[in-house]
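Everything below belongs to entry.txt, which stores compact mmCIF, C-alpha atoms and all ligand atoms.
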# COMPACT_ATOMS: atom_id res chain seq x y z
CA MET A 1 -38.56 -70.05 69.61
CA VAL A 2 -34.92 -69.73 70.60
CA GLY A 3 -34.19 -71.77 73.71
CA PRO A 4 -31.84 -74.32 75.17
CA SER A 5 -31.61 -77.82 73.70
CA SER A 6 -33.39 -80.54 75.59
CA ARG A 7 -29.91 -81.91 76.30
CA VAL A 8 -29.11 -79.00 78.61
CA ALA A 9 -32.56 -77.69 79.55
CA SER A 10 -33.25 -80.60 81.87
CA LEU A 11 -29.94 -80.09 83.70
CA GLY A 12 -30.86 -76.71 85.24
CA THR A 13 -28.22 -74.39 86.76
CA THR A 14 -25.34 -75.72 88.83
CA ILE A 15 -25.87 -75.11 92.54
CA PHE A 16 -22.41 -73.52 92.82
CA ALA A 17 -23.40 -70.69 90.46
CA GLU A 18 -26.76 -70.25 92.20
CA MET A 19 -25.22 -70.04 95.66
CA SER A 20 -22.29 -67.77 94.69
CA ALA A 21 -24.75 -65.40 92.98
CA LEU A 22 -26.91 -65.46 96.12
CA ALA A 23 -23.87 -64.57 98.27
CA ALA A 24 -22.88 -61.71 95.93
CA ARG A 25 -26.44 -60.37 95.86
CA THR A 26 -26.97 -60.47 99.62
CA GLY A 27 -23.47 -59.74 100.94
CA ALA A 28 -23.54 -63.09 102.78
CA VAL A 29 -20.34 -64.87 103.82
CA ASN A 30 -19.83 -67.43 101.05
CA LEU A 31 -19.14 -70.87 102.50
CA GLY A 32 -20.89 -72.37 99.45
CA GLN A 33 -18.74 -72.75 96.35
CA GLY A 34 -15.37 -74.25 97.29
CA PHE A 35 -12.54 -71.91 96.41
CA PRO A 36 -9.74 -70.66 98.67
CA ASP A 37 -9.42 -66.97 99.51
CA THR A 38 -5.62 -67.05 99.28
CA SER A 39 -3.44 -67.87 96.25
CA GLY A 40 -0.23 -69.67 96.44
CA PRO A 41 2.71 -70.35 96.11
CA ALA A 42 4.64 -67.24 95.00
CA GLY A 43 6.98 -69.19 92.68
CA LEU A 44 3.97 -70.53 90.80
CA LEU A 45 2.35 -67.13 90.38
CA ASP A 46 5.66 -65.54 89.31
CA ARG A 47 6.23 -68.18 86.66
CA ALA A 48 2.83 -67.63 85.06
CA ARG A 49 3.43 -63.86 85.00
CA ASP A 50 6.91 -64.41 83.51
CA ALA A 51 5.54 -66.78 80.87
CA ILE A 52 2.98 -64.19 79.74
CA ALA A 53 5.61 -61.44 79.69
CA ALA A 54 7.97 -63.67 77.70
CA GLY A 55 5.32 -64.20 75.01
CA ASP A 56 4.33 -67.76 75.88
CA ASN A 57 0.78 -66.96 74.81
CA GLN A 58 -0.16 -69.11 71.83
CA TYR A 59 -1.70 -72.59 71.64
CA ALA A 60 0.03 -75.35 73.53
CA PRO A 61 0.10 -78.87 72.04
CA GLY A 62 -3.30 -80.56 72.38
CA ARG A 63 -2.05 -83.11 74.90
CA GLY A 64 -0.34 -80.39 76.97
CA THR A 65 3.25 -79.15 77.01
CA PRO A 66 5.86 -81.92 77.21
CA GLU A 67 7.25 -80.14 80.29
CA LEU A 68 3.95 -80.35 82.21
CA ARG A 69 3.19 -83.91 81.10
CA ALA A 70 6.63 -84.99 82.32
CA ALA A 71 6.07 -83.20 85.65
CA ILE A 72 2.67 -84.90 86.09
CA ALA A 73 4.31 -88.30 85.45
CA ARG A 74 7.06 -87.51 87.98
CA HIS A 75 4.40 -86.43 90.51
CA GLN A 76 2.44 -89.66 90.11
CA GLU A 77 5.61 -91.70 90.60
CA ARG A 78 7.00 -89.72 93.54
CA HIS A 79 3.74 -89.57 95.50
CA HIS A 80 2.00 -92.75 94.47
CA GLY A 81 4.57 -95.08 92.87
CA LEU A 82 2.66 -94.97 89.55
CA VAL A 83 4.96 -95.11 86.54
CA LEU A 84 3.50 -93.37 83.46
CA ASP A 85 4.71 -92.64 79.94
CA PRO A 86 4.23 -88.85 79.69
CA ASP A 87 3.72 -89.04 75.92
CA ARG A 88 1.03 -91.72 75.91
CA GLU A 89 -0.48 -91.93 79.39
CA VAL A 90 -0.90 -88.27 80.44
CA ILE A 91 -2.96 -85.40 79.03
CA VAL A 92 -3.47 -81.87 80.31
CA THR A 93 -7.05 -80.60 80.49
CA THR A 94 -8.87 -77.35 81.23
CA GLY A 95 -9.44 -78.17 84.86
CA ALA A 96 -10.58 -81.49 86.23
CA THR A 97 -14.00 -80.49 84.93
CA GLU A 98 -12.89 -80.88 81.32
CA ALA A 99 -11.14 -84.15 82.14
CA ILE A 100 -14.44 -85.46 83.57
CA ALA A 101 -16.38 -84.23 80.53
CA ALA A 102 -13.90 -85.67 78.05
CA ALA A 103 -13.64 -88.99 79.92
CA VAL A 104 -17.42 -89.40 79.88
CA LEU A 105 -17.82 -88.28 76.25
CA GLY A 106 -14.84 -90.35 75.16
CA LEU A 107 -15.79 -93.57 76.96
CA ILE A 108 -19.58 -93.69 77.30
CA ASP A 109 -21.98 -94.62 74.47
CA PRO A 110 -25.65 -93.63 74.40
CA GLY A 111 -27.58 -96.10 76.54
CA ASP A 112 -24.56 -97.15 78.61
CA GLU A 113 -25.19 -97.20 82.34
CA VAL A 114 -22.75 -95.38 84.58
CA LEU A 115 -22.68 -95.94 88.34
CA VAL A 116 -22.46 -92.73 90.35
CA LEU A 117 -22.18 -92.48 94.11
CA GLU A 118 -24.47 -89.83 95.55
CA PRO A 119 -24.09 -87.19 96.82
CA PHE A 120 -21.84 -86.50 93.80
CA TYR A 121 -19.89 -83.64 92.30
CA ASP A 122 -22.62 -82.30 90.07
CA SER A 123 -20.82 -82.37 86.72
CA TYR A 124 -20.68 -86.21 86.70
CA VAL A 125 -24.38 -86.70 86.18
CA ALA A 126 -24.73 -83.67 83.91
CA MET A 127 -22.02 -85.10 81.66
CA VAL A 128 -23.38 -88.64 81.65
CA GLN A 129 -26.75 -87.24 80.61
CA MET A 130 -25.22 -85.02 77.91
CA ALA A 131 -23.42 -88.09 76.57
CA GLY A 132 -26.74 -89.97 76.37
CA GLY A 133 -25.67 -92.36 79.10
CA VAL A 134 -27.85 -93.45 82.00
CA PRO A 135 -26.61 -92.48 85.47
CA VAL A 136 -27.37 -95.20 88.03
CA PRO A 137 -27.11 -93.77 91.54
CA VAL A 138 -25.95 -95.60 94.65
CA THR A 139 -26.33 -93.66 97.90
CA LEU A 140 -23.52 -93.02 100.37
CA ARG A 141 -25.21 -92.87 103.77
CA ALA A 142 -24.53 -90.51 106.65
CA PRO A 143 -22.82 -90.22 109.01
CA GLU A 144 -19.87 -92.28 107.77
CA PHE A 145 -20.55 -92.17 104.02
CA ARG A 146 -18.65 -95.47 103.56
CA LEU A 147 -18.74 -97.30 100.23
CA PRO A 148 -21.94 -99.43 100.07
CA VAL A 149 -20.24 -102.37 98.40
CA ASP A 150 -23.27 -104.68 98.23
CA GLU A 151 -25.47 -101.95 96.79
CA ILE A 152 -22.88 -101.11 94.16
CA ARG A 153 -22.63 -104.77 93.19
CA ALA A 154 -26.43 -105.02 93.01
CA ALA A 155 -26.65 -101.88 90.85
CA ALA A 156 -24.13 -103.17 88.30
CA GLY A 157 -25.57 -105.09 85.36
CA PRO A 158 -24.93 -106.08 81.75
CA ARG A 159 -25.37 -102.51 80.50
CA THR A 160 -23.02 -100.96 83.07
CA ARG A 161 -20.00 -99.52 81.31
CA ALA A 162 -18.33 -97.42 83.99
CA ILE A 163 -18.28 -96.19 87.57
CA ILE A 164 -17.31 -92.66 88.57
CA VAL A 165 -15.50 -92.58 91.91
CA ASN A 166 -14.31 -89.55 93.88
CA THR A 167 -11.82 -89.92 96.70
CA PRO A 168 -11.25 -87.87 98.81
CA HIS A 169 -14.93 -87.19 98.36
CA ASN A 170 -16.76 -83.94 97.72
CA PRO A 171 -19.09 -83.14 99.51
CA THR A 172 -18.66 -85.63 102.38
CA GLY A 173 -14.90 -85.45 102.97
CA ALA A 174 -14.68 -89.26 103.18
CA VAL A 175 -11.49 -90.98 101.99
CA LEU A 176 -11.76 -94.53 100.64
CA GLY A 177 -9.91 -97.11 102.74
CA GLY A 178 -8.04 -100.23 101.66
CA ASP A 179 -10.97 -102.66 102.09
CA GLU A 180 -13.28 -100.43 100.11
CA LEU A 181 -10.76 -100.13 97.30
CA VAL A 182 -10.24 -103.89 97.12
CA ALA A 183 -14.01 -104.47 97.01
CA LEU A 184 -14.38 -101.85 94.29
CA ALA A 185 -11.65 -103.53 92.24
CA ALA A 186 -13.48 -106.85 92.50
CA ILE A 187 -16.73 -105.31 91.23
CA ALA A 188 -14.94 -103.47 88.42
CA GLN A 189 -13.34 -106.73 87.31
CA GLU A 190 -16.53 -108.80 87.62
CA HIS A 191 -18.41 -106.34 85.39
CA ASP A 192 -15.46 -105.25 83.23
CA LEU A 193 -16.01 -101.60 84.15
CA VAL A 194 -14.06 -98.52 83.21
CA VAL A 195 -13.30 -96.54 86.36
CA ILE A 196 -13.22 -92.75 86.20
CA SER A 197 -11.48 -91.67 89.39
CA ASP A 198 -11.66 -88.01 90.43
CA GLU A 199 -8.79 -87.46 92.88
CA VAL A 200 -8.59 -83.64 92.90
CA TYR A 201 -8.30 -83.55 96.72
CA GLU A 202 -5.48 -86.14 96.73
CA HIS A 203 -3.19 -84.00 98.91
CA LEU A 204 -5.78 -82.25 101.09
CA THR A 205 -6.15 -84.92 103.80
CA PHE A 206 -6.07 -84.52 107.61
CA ASP A 207 -5.17 -86.31 110.84
CA GLY A 208 -2.57 -88.48 109.11
CA VAL A 209 -5.17 -90.01 106.76
CA ARG A 210 -3.62 -90.73 103.35
CA HIS A 211 -5.23 -90.85 99.96
CA ARG A 212 -4.62 -93.99 97.93
CA PRO A 213 -5.14 -93.63 94.17
CA LEU A 214 -7.42 -96.26 92.66
CA ALA A 215 -4.83 -96.96 89.97
CA THR A 216 -2.52 -98.42 92.66
CA VAL A 217 -5.05 -101.12 93.58
CA PRO A 218 -4.44 -104.52 91.94
CA GLY A 219 -6.91 -105.01 89.11
CA LEU A 220 -7.65 -101.32 88.63
CA ALA A 221 -4.54 -99.91 86.94
CA ASP A 222 -5.49 -101.09 83.46
CA ARG A 223 -9.09 -99.86 83.63
CA THR A 224 -8.82 -96.53 85.49
CA VAL A 225 -8.64 -92.95 84.22
CA THR A 226 -7.29 -90.83 87.08
CA ILE A 227 -8.15 -87.13 87.20
CA SER A 228 -6.60 -84.35 89.26
CA SER A 229 -6.16 -80.58 89.20
CA ALA A 230 -3.63 -77.88 90.01
CA GLY A 231 -6.53 -75.76 91.24
CA LYS A 232 -6.88 -77.74 94.45
CA SER A 233 -3.27 -78.66 95.25
CA PHE A 234 -1.90 -75.17 94.60
CA SER A 235 -4.90 -72.93 95.44
CA VAL A 236 -5.35 -71.63 91.90
CA THR A 237 -8.86 -72.83 91.13
CA GLY A 238 -9.33 -70.04 88.57
CA TRP A 239 -6.46 -71.29 86.42
CA LYS A 240 -8.36 -74.41 85.35
CA VAL A 241 -5.37 -76.66 84.78
CA GLY A 242 -6.13 -80.34 85.31
CA TRP A 243 -5.03 -83.67 83.92
CA ALA A 244 -6.06 -87.21 83.14
CA THR A 245 -3.70 -90.17 83.42
CA GLY A 246 -4.01 -93.89 82.79
CA PRO A 247 -3.48 -96.59 80.18
CA ALA A 248 -2.80 -95.21 76.70
CA GLY A 249 -6.04 -96.62 75.24
CA LEU A 250 -8.19 -94.87 77.84
CA VAL A 251 -6.22 -91.62 77.69
CA ASP A 252 -6.52 -91.67 73.88
CA ALA A 253 -10.31 -91.89 74.26
CA VAL A 254 -10.30 -88.90 76.63
CA MET A 255 -8.09 -86.99 74.17
CA ALA A 256 -10.39 -87.90 71.28
CA ALA A 257 -13.15 -85.97 73.07
CA LYS A 258 -10.94 -83.20 74.51
CA GLN A 259 -9.69 -82.16 71.06
CA TRP A 260 -13.26 -81.11 70.16
CA LEU A 261 -14.01 -79.43 73.49
CA THR A 262 -11.08 -77.03 73.98
CA TYR A 263 -8.43 -78.67 71.76
CA THR A 264 -5.74 -77.29 74.10
CA SER A 265 -5.45 -75.69 77.55
CA GLY A 266 -3.98 -72.33 78.75
CA THR A 267 -0.32 -72.15 77.71
CA PRO A 268 1.32 -69.74 80.22
CA PHE A 269 -0.04 -71.72 83.18
CA GLN A 270 1.41 -75.03 82.08
CA GLY A 271 5.09 -74.31 82.74
CA ALA A 272 4.17 -72.72 86.06
CA VAL A 273 2.19 -75.78 87.16
CA ALA A 274 5.04 -78.04 86.03
CA TRP A 275 7.35 -76.08 88.34
CA ALA A 276 4.91 -76.40 91.26
CA LEU A 277 4.48 -80.15 90.79
CA ASP A 278 8.25 -80.54 91.10
CA HIS A 279 8.99 -77.91 93.76
CA ALA A 280 5.94 -77.01 95.85
CA ASP A 281 5.47 -80.07 98.09
CA ASP A 282 6.08 -77.86 101.14
CA PHE A 283 3.33 -75.48 100.07
CA VAL A 284 0.91 -78.37 99.62
CA ALA A 285 1.76 -79.86 103.03
CA GLY A 286 1.29 -76.43 104.64
CA LEU A 287 -2.04 -76.01 102.84
CA ALA A 288 -3.30 -79.34 104.20
CA ARG A 289 -2.19 -78.33 107.72
CA ASP A 290 -3.93 -74.96 107.44
CA LEU A 291 -7.09 -76.59 106.11
CA GLN A 292 -7.11 -79.00 109.07
CA THR A 293 -6.97 -76.04 111.47
CA GLN A 294 -9.74 -74.26 109.51
CA ARG A 295 -11.80 -77.46 109.51
CA ASP A 296 -11.62 -77.59 113.29
CA LEU A 297 -12.43 -73.90 113.64
CA LEU A 298 -15.50 -74.31 111.44
CA CYS A 299 -16.64 -77.65 112.89
CA ASP A 300 -16.26 -76.48 116.51
CA GLY A 301 -18.22 -73.35 115.63
CA LEU A 302 -20.98 -75.27 113.85
CA GLU A 303 -21.26 -77.61 116.84
CA ALA A 304 -21.52 -74.64 119.21
CA VAL A 305 -24.33 -73.24 117.04
CA GLY A 306 -26.16 -76.56 117.54
CA PHE A 307 -25.69 -78.56 114.34
CA ASP A 308 -24.71 -82.22 114.26
CA VAL A 309 -21.34 -82.03 112.52
CA ILE A 310 -19.65 -84.69 110.40
CA ARG A 311 -15.95 -83.81 110.63
CA PRO A 312 -14.27 -84.69 107.32
CA ALA A 313 -10.97 -86.52 106.86
CA ALA A 314 -10.13 -84.45 103.77
CA THR A 315 -11.21 -81.81 101.19
CA TYR A 316 -12.48 -78.25 101.67
CA PHE A 317 -15.87 -79.24 103.11
CA ALA A 318 -17.68 -80.19 106.33
CA THR A 319 -21.23 -81.54 106.44
CA THR A 320 -23.91 -80.86 109.05
CA ASP A 321 -27.26 -82.36 109.82
CA ILE A 322 -29.58 -79.35 110.17
CA ARG A 323 -32.39 -81.11 112.04
CA PRO A 324 -31.18 -80.26 115.59
CA LEU A 325 -31.88 -76.60 114.74
CA GLY A 326 -35.42 -77.32 113.63
CA PHE A 327 -34.90 -77.46 109.85
CA ASP A 328 -35.42 -80.49 107.66
CA ASP A 329 -34.90 -79.39 104.05
CA GLY A 330 -31.35 -78.36 103.11
CA LEU A 331 -32.27 -76.61 99.86
CA ASP A 332 -34.92 -74.49 101.51
CA PHE A 333 -32.55 -73.83 104.43
CA CYS A 334 -29.70 -72.73 102.10
CA ARG A 335 -31.96 -70.45 100.08
CA ARG A 336 -33.13 -68.76 103.29
CA LEU A 337 -29.76 -68.73 105.05
CA PRO A 338 -28.58 -65.31 103.75
CA GLU A 339 -31.72 -63.75 105.20
CA LEU A 340 -31.68 -65.86 108.38
CA ALA A 341 -27.98 -65.45 109.16
CA GLY A 342 -26.01 -63.77 106.34
CA VAL A 343 -24.19 -66.96 105.26
CA VAL A 344 -24.28 -69.17 102.15
CA ALA A 345 -23.82 -72.97 102.12
CA VAL A 346 -24.64 -75.83 99.72
CA PRO A 347 -27.40 -78.43 100.25
CA HIS A 348 -26.51 -82.08 99.67
CA GLN A 349 -29.86 -82.96 98.17
CA VAL A 350 -29.15 -81.26 94.82
CA LEU A 351 -26.10 -83.55 94.57
CA HIS A 352 -28.42 -86.60 94.54
CA LEU A 353 -30.70 -88.10 91.90
CA ASP A 354 -32.86 -89.31 94.78
CA PRO A 355 -32.89 -86.16 96.97
CA GLU A 356 -34.52 -87.82 99.99
CA PRO A 357 -31.43 -89.19 101.81
CA GLY A 358 -29.64 -85.86 101.28
CA ARG A 359 -32.43 -83.60 102.51
CA PRO A 360 -31.17 -82.83 106.04
CA PHE A 361 -27.50 -82.36 105.07
CA VAL A 362 -25.69 -79.15 104.23
CA ARG A 363 -22.08 -78.62 103.11
CA TRP A 364 -19.91 -75.78 104.42
CA ALA A 365 -16.58 -74.76 102.86
CA PHE A 366 -13.65 -74.09 105.20
CA CYS A 367 -11.04 -73.15 102.55
CA LYS A 368 -11.37 -69.62 103.91
CA LYS A 369 -9.27 -67.37 106.15
CA PRO A 370 -9.88 -67.96 109.88
CA GLU A 371 -11.41 -64.49 110.24
CA VAL A 372 -13.97 -65.32 107.54
CA ILE A 373 -14.90 -68.56 109.32
CA ASP A 374 -15.14 -66.69 112.65
CA GLU A 375 -17.46 -64.11 111.09
CA ALA A 376 -19.66 -66.85 109.60
CA ILE A 377 -19.94 -68.58 112.98
CA ILE A 378 -20.86 -65.32 114.74
CA ARG A 379 -23.58 -64.76 112.15
CA LEU A 380 -24.83 -68.35 112.41
CA GLY A 381 -25.29 -67.76 116.14
CA ARG A 382 -28.54 -66.01 115.10
CA LEU A 383 -29.93 -69.46 114.26
CA SER A 384 -29.63 -70.75 117.84
CA SER A 385 -31.19 -67.60 119.31
CA ARG A 386 -34.23 -67.62 117.01
N1 LIG A 401 -14.02 -82.66 91.00
C1 LIG A 401 -14.32 -82.34 92.25
C2 LIG A 401 -14.66 -83.40 93.22
C3 LIG A 401 -14.31 -81.00 92.65
O1 LIG A 401 -14.62 -80.67 93.90
C4 LIG A 401 -14.00 -80.01 91.70
C5 LIG A 401 -14.09 -78.60 92.17
N2 LIG A 401 -13.51 -77.68 91.55
C6 LIG A 401 -13.69 -80.40 90.40
C7 LIG A 401 -13.71 -81.74 90.08
C8 LIG A 401 -13.35 -79.43 89.31
O2 LIG A 401 -12.02 -79.08 89.30
P1 LIG A 401 -11.46 -77.96 88.32
O3 LIG A 401 -11.72 -76.64 88.96
O4 LIG A 401 -10.01 -78.27 88.17
O5 LIG A 401 -12.19 -78.08 87.03
N1 LIG A 402 -15.28 -77.81 93.60
C1 LIG A 402 -15.91 -76.63 94.09
C2 LIG A 402 -17.13 -76.99 94.91
O1 LIG A 402 -17.51 -78.14 94.96
C3 LIG A 402 -16.25 -75.69 92.97
C4 LIG A 402 -17.39 -76.15 92.14
C5 LIG A 402 -17.65 -75.32 90.96
O2 LIG A 402 -17.40 -74.13 90.97
N2 LIG A 402 -18.14 -75.93 89.93
O3 LIG A 402 -17.68 -76.12 95.50

Have the structure of the file written as structure tokens, please.
Amino acid sequence: MVGPSSRVASLGTTIFAEMSALAARTGAVNLGQGFPDTSGPAGLLDRARDAIAAGDNQYAPGRGTPELRAAIARHQERHHGLVLDPDREVIVTTGATEAIAAAVLGLIDPGDEVLVLEPFYDSYVAMVQMAGGVPVPVTLRAPEFRLPVDEIRAAAGPRTRAIIVNTPHNPTGAVLGGDELVALAAIAQEHDLVVISDEVYEHLTFDGVRHRPLATVPGLADRTVTISSAGKSFSVTGWKVGWATGPAGLVDAVMAAKQWLTYTSGTPFQGAVAWALDHADDFVAGLARDLQTQRDLLCDGLEAVGFDVIRPAATYFATTDIRPLGFDDGLDFCRRLPELAGVVAVPHQVLHLDPEPGRPFVRWAFCKKPEVIDEAIIRLGRLSSR
């Protein structure tokens, strides 16, 4: 019988595909999968078009074009004070997703335990399992979703090889603070852990909150692979240009896996992204401001509908507790939501290994035009008048 390998069969289908397909099938407003409905900035788009027209269409070097690697290094220094050698400490990947996959495949051996904080971005656990590693979950608890330092310390043991951290955090929108980062560094040192730090929302923070990269925390620089993506900072999620940075030994391990995954990433986008990293700070600041306004529009609307709303400090996503409206299972709620109200959202519980603590929580994307958010809120009004 032809069928999937056991390696992938047990992983099922990613919730983002399920929910986007549900939205397309039902005509629901899609506040599920997080992607913006505007592209920007014009200079970035023009440069990719020009690169294609100029014939820049064959394989780039495996590590990425020297131009983009240099721009990533300049970005890390200008924004975060991190000094990197673009030839040895930076690689370009096919989105942050490939950087995560290659980091896990390049650094985790079968049987290694990997700490993951749940709810998590779903590819972390899928990749740890594909690599033969053992994901060890530690739960972030509502409503604050702060780092449970004691539980992380208790979950770490002799077989723990790595921890995957995501700040600003999808789906909760929490941003790790200084005390949390210092505590994390202590645990990573005590257990000699590799830290895989997904920082794709590094610039999309609100209310004056600032993201601090893990690699800037004493004790973490020499053990952290930092991952980010042009998709988020420049609203081009479909381009799939990401990167991994860190000490040469760790980046070499990521590259050792990446060469067998895609070998190299889309050439005409690389020069364009290099330009944006150097020149599009104003666009990024404007994007964060717009997202803050959209966050408030969505959160105020969700509150008016009757949900308990957890207003995020960053990212594309707000979380609600659905119990005040008489529901208690987020997955069931999200599957019925197109029919109940013509909207699609994402349940937290599928982003957990232990679904129980995530059951009443649902994630809503606000990286959408204000009129789309308004329409979703009008439709969700049907829930309060049931
Ligand atoms: N990490 C997180 C936390 C995300 O939300 C996303 C969403 N796209 C990714 C990684 C993947 O990024 P990319 O599209 O660049 O692969
Ligand atoms: N990062 C986006 C989200 O969390 C997109 C996920 C995806 O398409 N894999 O919704």

Item to check | Expected answer as a VMD selection string: residues within 6 Å of ligand LIG 401 (chain A), only C-alpha atoms and all ligand atoms | outcome: chain A and resid 95 to 97 121 170 198 200 229 231 237 240 to 242

With all atoms listed in the file counted and 8 Å as the cut-off, give the residues of segment 187-305 of chain A in contact with segment 81-94 of chain A, each with its shortest interatomic distance in Å and the pair that gives it, as a Markdown table.
| residue | atom | partner | partner_atom | distance |
| --- | --- | --- | --- | --- |
| A:Ala215 | CA | A:Leu82 | CA | 7.8 |
| A:Thr216 | CA | A:Leu82 | CA | 7.0 |
| A:Lys240 | CA | A:Thr94 | CA | 5.1 |
| A:Val241 | CA | A:Thr94 | CA | 5.0 |
| A:Gly242 | CA | A:Thr93 | CA | 4.9 |
| A:Trp243 | CA | A:Val92 | CA | 4.3 |
| A:Ala244 | CA | A:Ile91 | CA | 5.5 |
| A:Thr245 | CA | A:Val90 | CA | 4.5 |
| A:Gly246 | CA | A:Glu89 | CA | 5.3 |
| A:Pro247 | CA | A:Glu89 | CA | 5.6 |
| A:Ala248 | CA | A:Glu89 | CA | 4.8 |
| A:Val251 | CA | A:Glu89 | CA | 6.0 |
| A:Asp252 | CA | A:Arg88 | CA | 7.8 |
| A:Met255 | CA | A:Ile91 | CA | 7.2 |
| A:Lys258 | CA | A:Thr93 | CA | 7.6 |
| A:Thr262 | CA | A:Thr94 | CA | 7.6 |
| A:Thr264 | CA | A:Thr93 | CA | 7.3 |
| A:Ser265 | CA | A:Thr94 | CA | 5.3 |
| A:Gly266 | CA | A:Thr94 | CA | 7.4 |

Checklist entry - Quick one: residues within 6 Å of ligand LIG 402 (chain A), with all atoms listed in the file, as an MDAnalysis selection string? => result chainID A and resid 16 33:34

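The gap separating atom CA of Leu105 of chain A from atom CA of Ala257 of chain A is 6.1 Å, in Å to one decimal.
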
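Atom CA of Leu298 of chain A is found 20.9 Å from atom CA of Gly358 of chain A.
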
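Shell of Ser235 of chain A at 10 Å, with only C-alpha atoms counted and residues fewer than 6 places along the chain excluded, is A:Phe35, A:Pro36, A:Asp37, A:Thr38, A:Ser39, A:Gly40, A:Pro41, A:Ser229, A:Phe283, A:Val284, A:Leu287, A:Cys367.
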
Next on the checklist: Here is a test: counting only C-alpha atoms, which residue of A:Phe317, A:Thr167, A:Asp122, A:Leu337 is nearest to Thr13 of chain A?
Outcome noted: A:Asp122
